[in-house]
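Data block below; observations after.
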Amino acid sequence: MSTELIGKKARVFDFDDTLIGREWVTRISGSAIGRIRPHSLPTFSLDDVFLLDLNHGRVPVSISGLKERISFEFHARRNVYPGVKRELEIMAAERVDIYGNTGRSHKREWVDMTEETLRRGGVREYFKGIFYTPDGTRTAVSKAHGIQILTGQYEEVEFDDDDPRTAYFIAQLFPAVRVNLIQHGSTSLFLARRILDDPSNIRRVGVFGKRVS
């Protein structure tokens, strides 16, 4: 291991339902869809992830279609959870580098809106970088690519996400990465219990790190 990595730690966060509040109706409907029509995990290996060449940054492409516009309007109304700013302040004081890793599109309107939400919540300054998801790429695959990049730059990487499928996928690909699965009661516990035989590097937590059973 390169000496410049020793002691360096990155904490990586999903946004929606992890740092940014999602509407309870959206959360429940998502859980219901997951029960009726569960989707499979990606069949990517770590070697496949290493071969990806993804642009996670802002691209000059506009939103297209009514479905995306409606989704955008819902996301634009969301706010950073109370308490997040204090948690990130503590991490920054402990010299932890903080990143976002989100399923939100890297289209310019999505990126600009997300940046404004983080600024409105007083937390944008704490993020060293944000990995957005390129169009046509599965969210879990995009997030795995972001984690792969960071594991090459940091001695220790910790990842927080509320989607048990993504959490499982990341934990399986990266056994050395600690994965915090954010739980919001029964709406996410059903999915977690349905697909997870928890790998040793997953722990179930509440928002802001409160441990749940």
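Ordering of the structure tokens sets the chain letters (A, B, ...); residue numbers start at 1 within each chain; ligands are numbered from 1 in the order shown.
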Next on the checklist: Can you tell me, as a PyMOL selection string, which residues in stretch 42-195 of chain A count as alpha helix (DSSP H) by DSSP?
Outcome noted: chain A and resi 46-51+66-76+84-93+108-120+139-151+164-173+186-195
Next on the checklist: Please return, as a PyMOL selection string, all residues of stretch 7-213 of chain A that DSSP assigns to strand (DSSP E) on the basis of the backbone.
Outcome noted: chain A and resi 9-13+97-105+127-133+156-161+178-182+202-205
Item to check | Neighbour list for A:Lys9 as a list of chain:residue names, cut-off 12 Å, only C-alpha atoms, skip fewer than 2 positions in-chain | outcome: A:Glu4, A:Leu5, A:Ile6, A:Gly7, A:Arg11, A:Val12, A:Met91, A:Ala92, A:Glu94, A:Arg95, A:Val96, A:Asp97, A:Ile98, A:Tyr99, A:Leu150, A:Thr151, A:Gly152, A:Gln153, A:Tyr154, A:Glu155, A:Glu156, A:Val157, A:Glu158, A:Phe159, A:Val177, A:Arg178
Item to check | Nearest to A:Leu51 by atom-to-atom distance, counting only C-alpha atoms, from A:Gln148, A:Ser64, A:Thr133, A:Ser105 | outcome: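 Using only C-alpha atoms, A:Leu51 sits closest to A:Gln148.
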Checklist entry - Could you work out how far atom CA of A:Asp16 lies from atom CA of A:Asn101, giving the answer in Å with one decimal? => result 10.3 Å
Next on the checklist: Which residues are near A:Pro82? Cut-off 10 Å, only C-alpha atoms, ignore same chain within fewer than 2 positions. Put them as a PyMOL selection string.
Outcome noted: chain A and resi 19-21+79-80+84-87+121+208
